[in-house]
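Asks: target_10.txt is reproduced below (compact mmCIF, C-alpha atoms).
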```txt
# COMPACT_ATOMS: atom_id res chain seq x y z
CA MET A 144 11.81 1.22 -36.85
CA LYS A 145 13.80 3.21 -34.29
CA ASN A 146 10.70 5.21 -33.29
CA GLN A 147 8.73 1.98 -32.84
CA SER A 148 11.43 0.56 -30.58
CA LEU A 149 11.54 3.79 -28.54
CA LEU A 150 7.77 3.73 -28.17
CA GLN A 151 7.88 0.11 -27.05
CA GLN A 152 10.56 0.87 -24.47
CA ARG A 153 8.58 3.83 -23.10
CA VAL A 154 5.39 1.79 -22.84
CA LEU A 155 7.21 -1.05 -21.09
CA ALA A 156 9.01 1.35 -18.74
CA ALA A 157 5.82 3.24 -17.84
CA THR A 158 3.74 0.12 -17.26
CA SER A 159 6.50 -1.63 -15.33
CA ILE A 160 7.11 1.37 -13.07
CA SER A 161 3.42 1.71 -12.30
CA TYR A 162 3.10 -2.02 -11.65
CA ILE A 163 6.03 -1.84 -9.25
CA VAL A 164 4.36 0.81 -7.07
CA VAL A 165 1.00 -0.98 -7.21
CA ILE A 166 2.49 -4.27 -6.01
CA LEU A 167 4.90 -2.58 -3.62
CA ASP A 168 1.95 -1.01 -1.83
CA THR A 169 0.48 -4.41 -1.05
CA SER A 170 3.48 -5.34 1.10
CA ILE A 171 5.24 -2.13 2.11
CA VAL A 172 2.46 -0.91 4.42
CA ASN A 173 2.77 -3.94 6.68
CA VAL A 174 6.16 -2.73 7.85
CA ALA A 175 4.74 0.66 8.84
CA LEU A 176 1.77 -0.53 10.89
CA GLU A 177 3.33 0.04 14.30
CA ARG A 178 4.39 3.58 13.40
CA ILE A 179 0.98 4.34 11.86
CA SER A 180 -0.71 3.00 15.01
CA ASN A 181 1.38 5.24 17.23
CA ALA A 182 0.99 8.33 15.05
CA LEU A 183 -2.75 8.01 14.45
CA HIS A 184 -3.63 6.46 17.82
CA THR A 185 -5.37 3.41 16.45
CA HIS A 186 -5.54 -0.26 17.32
CA ILE A 187 -5.43 -3.46 15.31
CA SER A 188 -8.95 -3.08 13.88
CA GLY A 189 -8.05 0.30 12.38
CA LEU A 190 -4.78 -1.03 11.03
CA GLN A 191 -6.61 -3.91 9.37
CA TRP A 192 -8.59 -1.37 7.38
CA VAL A 193 -5.43 0.45 6.33
CA VAL A 194 -4.15 -2.80 4.82
CA ASN A 195 -7.42 -4.27 3.57
CA ALA A 196 -8.96 -1.11 2.11
CA TYR A 197 -6.34 -1.10 -0.64
CA THR A 198 -6.45 -4.82 -1.33
CA LEU A 199 -10.25 -5.03 -1.38
CA ALA A 200 -10.69 -2.02 -3.66
CA PHE A 201 -7.99 -3.34 -5.98
CA ALA A 202 -9.60 -6.77 -6.19
CA CYS A 203 -13.16 -5.48 -6.50
CA PHE A 204 -12.51 -3.04 -9.32
CA LEU A 205 -9.91 -4.97 -11.33
CA LEU A 206 -12.39 -6.37 -13.86
CA SER A 207 -14.08 -2.98 -14.15
CA GLY A 208 -10.72 -1.41 -14.97
CA GLY A 209 -10.31 -3.73 -17.95
CA THR A 210 -13.87 -3.08 -19.13
CA LEU A 211 -13.43 0.67 -18.89
CA GLY A 212 -10.18 0.37 -20.82
CA ASP A 213 -11.97 -1.51 -23.58
CA ARG A 214 -14.72 1.09 -23.69
CA TRP A 215 -12.80 4.36 -23.36
CA GLY A 216 -9.30 3.39 -24.40
CA ALA A 217 -6.59 1.63 -22.46
CA ARG A 218 -4.27 4.65 -22.47
CA ASN A 219 -6.97 6.97 -21.11
CA ILE A 220 -7.99 4.63 -18.30
CA TYR A 221 -4.36 3.74 -17.55
CA LEU A 222 -3.52 7.44 -17.15
CA ALA A 223 -6.64 8.05 -15.06
CA GLY A 224 -5.74 5.11 -12.82
CA LEU A 225 -2.14 6.21 -12.46
CA ALA A 226 -3.19 9.79 -11.70
CA LEU A 227 -5.72 8.59 -9.11
CA PHE A 228 -3.16 6.27 -7.53
CA THR A 229 -0.60 9.11 -7.38
CA VAL A 230 -3.01 11.63 -5.85
CA ALA A 231 -4.29 9.02 -3.39
CA SER A 232 -0.69 8.25 -2.40
CA ALA A 233 -0.18 11.92 -1.57
CA LEU A 234 -3.41 11.88 0.45
CA CYS A 235 -2.14 8.83 2.35
CA GLY A 236 1.15 10.59 3.05
CA PHE A 237 -0.58 13.65 4.47
CA ALA A 238 -3.52 11.89 6.15
CA PRO A 239 -4.25 13.53 9.51
CA ASP A 240 -6.28 10.61 10.85
CA LEU A 241 -7.23 6.99 10.29
CA THR A 242 -10.43 7.79 8.38
CA ILE A 243 -8.65 9.88 5.74
CA LEU A 244 -5.86 7.30 5.47
CA THR A 245 -8.37 4.50 4.93
CA ILE A 246 -10.34 6.46 2.31
CA ALA A 247 -7.11 7.32 0.53
CA ARG A 248 -6.11 3.65 0.57
CA VAL A 249 -9.44 2.78 -1.10
CA LEU A 250 -8.70 5.39 -3.77
CA GLN A 251 -5.22 3.91 -4.24
CA GLY A 252 -6.80 0.50 -4.77
CA VAL A 253 -9.26 1.84 -7.33
CA GLY A 254 -6.45 3.60 -9.18
CA ALA A 255 -4.41 0.39 -9.19
CA ALA A 256 -7.41 -1.57 -10.49
CA LEU A 257 -7.78 0.86 -13.37
CA LEU A 258 -4.15 0.88 -14.43
CA VAL A 259 -3.11 -2.77 -14.11
CA PRO A 260 -5.38 -4.35 -16.76
CA CYS A 261 -4.85 -1.40 -19.07
CA SER A 262 -1.08 -1.71 -18.72
CA LEU A 263 -1.36 -5.22 -20.13
CA THR A 264 -3.42 -3.93 -23.04
CA LEU A 265 -0.85 -1.19 -23.71
CA ILE A 266 1.97 -3.73 -23.78
CA ASN A 267 -0.08 -5.98 -26.04
CA HIS A 268 -0.60 -3.14 -28.55
CA ALA A 269 2.99 -1.89 -28.37
CA TYR A 270 4.47 -5.32 -29.12
CA PRO A 271 2.79 -6.86 -32.18
CA ASP A 272 5.46 -9.56 -32.51
CA PRO A 273 4.47 -12.52 -30.27
CA GLY A 274 8.05 -13.24 -29.20
CA GLU A 275 8.78 -9.64 -28.24
CA ARG A 276 5.40 -9.41 -26.51
CA ALA A 277 6.19 -12.49 -24.42
CA VAL A 278 9.48 -10.97 -23.33
CA ALA A 279 7.75 -7.67 -22.49
CA PHE A 280 5.10 -9.44 -20.39
CA GLY A 281 7.91 -11.34 -18.66
CA VAL A 282 9.68 -8.09 -17.79
CA TRP A 283 6.43 -6.57 -16.52
CA ALA A 284 5.61 -9.61 -14.37
CA SER A 285 9.18 -9.79 -13.04
CA CYS A 286 8.92 -6.20 -11.90
CA GLY A 287 5.82 -7.09 -9.90
CA GLY A 288 7.52 -10.10 -8.32
CA ALA A 289 10.57 -8.06 -7.40
CA ALA A 290 8.36 -5.33 -5.93
CA MET A 291 6.47 -7.80 -3.73
CA ALA A 292 9.72 -9.21 -2.40
CA ALA A 293 11.34 -5.80 -1.95
CA GLY A 294 8.36 -4.20 -0.17
CA PRO A 295 9.40 -4.98 3.41
CA LEU A 296 13.02 -4.00 2.79
CA VAL A 297 12.19 -0.77 0.96
CA GLY A 298 9.52 0.01 3.54
CA GLY A 299 11.91 -0.51 6.42
CA LEU A 300 14.52 1.74 4.86
CA LEU A 301 12.06 4.53 4.05
CA ILE A 302 10.41 4.38 7.47
CA ASN A 303 13.70 4.44 9.38
CA MET A 304 15.11 7.27 7.27
CA PHE A 305 12.04 9.46 6.70
CA GLY A 306 9.09 8.19 8.76
CA TRP A 307 5.99 6.17 7.88
CA ARG A 308 4.49 8.82 5.59
CA SER A 309 7.39 8.39 3.19
CA ILE A 310 6.17 4.98 2.04
CA PHE A 311 3.21 6.76 0.45
CA LEU A 312 4.91 9.98 -0.61
CA ALA A 313 7.60 8.06 -2.50
CA ASN A 314 4.87 6.98 -4.94
CA VAL A 315 4.21 10.55 -6.04
CA PRO A 316 7.37 11.21 -8.11
CA ILE A 317 7.26 7.64 -9.42
CA GLY A 318 3.64 8.10 -10.50
CA LEU A 319 4.48 11.40 -12.18
CA LEU A 320 7.33 9.69 -14.02
CA GLY A 321 4.91 7.01 -15.22
CA VAL A 322 2.47 9.66 -16.48
CA TRP A 323 5.28 11.44 -18.31
CA LEU A 324 6.52 8.21 -19.92
CA THR A 325 3.00 7.35 -21.05
```
How would this structure read if it were set down as structure tokens?
Replies:
Amino acid sequence: MKNQSLLQQRVLAATSISYIVVILDTSIVNVALERISNALHTHISGLQWVVNAYTLAFACFLLSGGTLGDRWGARNIYLAGLALFTVASALCGFAPDLTILTIARVLQGVGAALLVPCSLTLINHAYPDPGERAVAFGVWASCGGAAMAAGPLVGGLLINMFGWRSIFLANVPIGLLGVWLT
């Protein structure tokens, strides 16, 4: 019983942490656009791709992420998505130009699309009791809502303290923590 509860807590922690960074990245980048523009010498059209590359890839591959999870196992696809998201975040943080940053943002979006539907499957399997499952899904969804609201604030703090690259590099240790918890 104690091992089951520990497993449930780890699954919920891992999936919630990963969902936080996925949702955070939809809003946090908006705060950094001026600094990215100055650093990479780009204009509004380039900045639109920095924002939209992530969102479009995430939306386009979301259903595929669930299908792949059904076919090859939710845990395997979740870990692949989280690993891809984490590596892509590092690529974003070290991107020397707009092209690399945009490609890395696409990879982040694909990674997010792989892990989000599989995180729901993992929670579903970890919590067989319907009441506990409902609470777990509520916690997971609340984390996403809090991340969306906190994005501009967290982004502003990171950018002012460490520069625009930090909004991407901060995902790396969080992603590694999620992999370890999984």
Asks: With a distance cut-off of 8 Å and all atoms listed in the file, select the neighbouring residues of A:Pro260, excluding the residue or stretch itself and same-chain residues fewer than 3 positions from it, and output the selection as a list in words.
Replies: Leu205, Leu206, Gly208, Gly209, Gly212, Ala256, Leu257, Leu263 and Thr264 of chain A
Asks: Please produce a file of those selected residues containing C-alpha atoms, as a PDB file, in the coordinates of the input.
Replies:
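Listed below is the output, result_33.pdb:
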```pdb
ATOM      1  CA  LEU A 205      -9.910  -4.970 -11.330  1.00  0.00           C
ATOM      2  CA  LEU A 206     -12.390  -6.370 -13.860  1.00  0.00           C
ATOM      3  CA  GLY A 208     -10.720  -1.410 -14.970  1.00  0.00           C
ATOM      4  CA  GLY A 209     -10.310  -3.730 -17.950  1.00  0.00           C
ATOM      5  CA  GLY A 212     -10.180   0.370 -20.820  1.00  0.00           C
ATOM      6  CA  ALA A 256      -7.410  -1.570 -10.490  1.00  0.00           C
ATOM      7  CA  LEU A 257      -7.780   0.860 -13.370  1.00  0.00           C
ATOM      8  CA  LEU A 263      -1.360  -5.220 -20.130  1.00  0.00           C
ATOM      9  CA  THR A 264      -3.420  -3.930 -23.040  1.00  0.00           C
TER      10      THR A 264
END
```
Asks: Find the residues around A:Ser232 up to 10 Å (all atoms listed in the file counted), leave out those fewer than 3 positions away in its own chain, and share them as a ChimeraX atom specification.
Replies: /A:168,226-229,235-238,244,247-248,250-251,308-315,318
Asks: Which residue, A:Ile246, A:Thr325, A:Met291, A:Cys203, has the smallest gap to A:Ile166 when you use all atoms listed in the file?
Replies: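 Closest to A:Ile166 of all the choices is A:Met291.
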Asks: May I ask for the distance between atom CA of A:Arg214 and atom CA of A:Ser262, given in Å to one decimal place?
Replies: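 According to the coordinates, atom CA of A:Arg214 and atom CA of A:Ser262 are separated by 14.8 Å.
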Asks: I'd like the neighbourhood of A:Gly298 as a list in words, where a residue qualifies if any of its atoms comes within 8 Å (using all atoms listed in the file), though same-chain residues fewer than 5 positions away should be ignored.
Replies: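 The neighbour list is Ile171, Val172, Val174, Ala175 and Ile310 of chain A.
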Asks: Rank nothing, just name the residue among A:Val165, A:Ala202, A:Asn219, A:Ser207 nearest to A:Ala231, using all atoms listed in the file.
Replies: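 Result for the nearest residue to A:Ala231: A:Val165.
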Asks: With a cut-off of 8 Å, could you pull out the residues of stretch 197-306 of chain A touching stretch 144-158 of chain A and give me the nearest pair of atoms for each, distance in Å to one decimal, using only C-alpha atoms, ordered by chain and ascending number, as JSON lines?
Replies:
```
{"residue": "A:Ser262", "atom": "CA", "partner": "A:Thr158", "partner_atom": "CA", "distance": 5.4}
{"residue": "A:Leu263", "atom": "CA", "partner": "A:Thr158", "partner_atom": "CA", "distance": 7.9}
{"residue": "A:Leu265", "atom": "CA", "partner": "A:Val154", "partner_atom": "CA", "distance": 7.0}
{"residue": "A:Ile266", "atom": "CA", "partner": "A:Leu155", "partner_atom": "CA", "distance": 6.5}
{"residue": "A:Ala269", "atom": "CA", "partner": "A:Gln151", "partner_atom": "CA", "distance": 5.4}
{"residue": "A:Tyr270", "atom": "CA", "partner": "A:Gln151", "partner_atom": "CA", "distance": 6.7}
{"residue": "A:Ala279", "atom": "CA", "partner": "A:Leu155", "partner_atom": "CA", "distance": 6.8}
{"residue": "A:Trp283", "atom": "CA", "partner": "A:Leu155", "partner_atom": "CA", "distance": 7.2}
```
Asks: In Å, rounded to a single decimal, give me how far atom CA of A:Ser159 is from atom CA of A:Cys261.
Replies: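 Computed distance, atom CA of A:Cys261 to atom CA of A:Ser159, equals 12.0 Å.
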Asks: Rounded to one decimal place, report the atom CA of A:Gly321-atom CA of A:Cys286 distance in Å.
Replies: 14.2 Å
Asks: Could you check the closest approach to A:Ser180 for each of A:Leu301, A:Gly252, A:Trp307, A:Tyr197 and tell me which residue wins, using only C-alpha atoms?
Replies: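 The shortest atom-to-atom distance to A:Ser180 comes from A:Trp307.
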Asks: Around the point (-5.7, 3.6, -15.0) (coordinates from the file), which residues reach within 7 Å if we count all atoms listed in the file? Answer as a list in words.
Replies: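 With a cut-off of 7 Å, the residues come to Ile220, Tyr221, Leu222, Ala223, Gly224, Leu225, Gly254, Ala255, Leu257, Leu258, Val259 and Cys261 of chain A.
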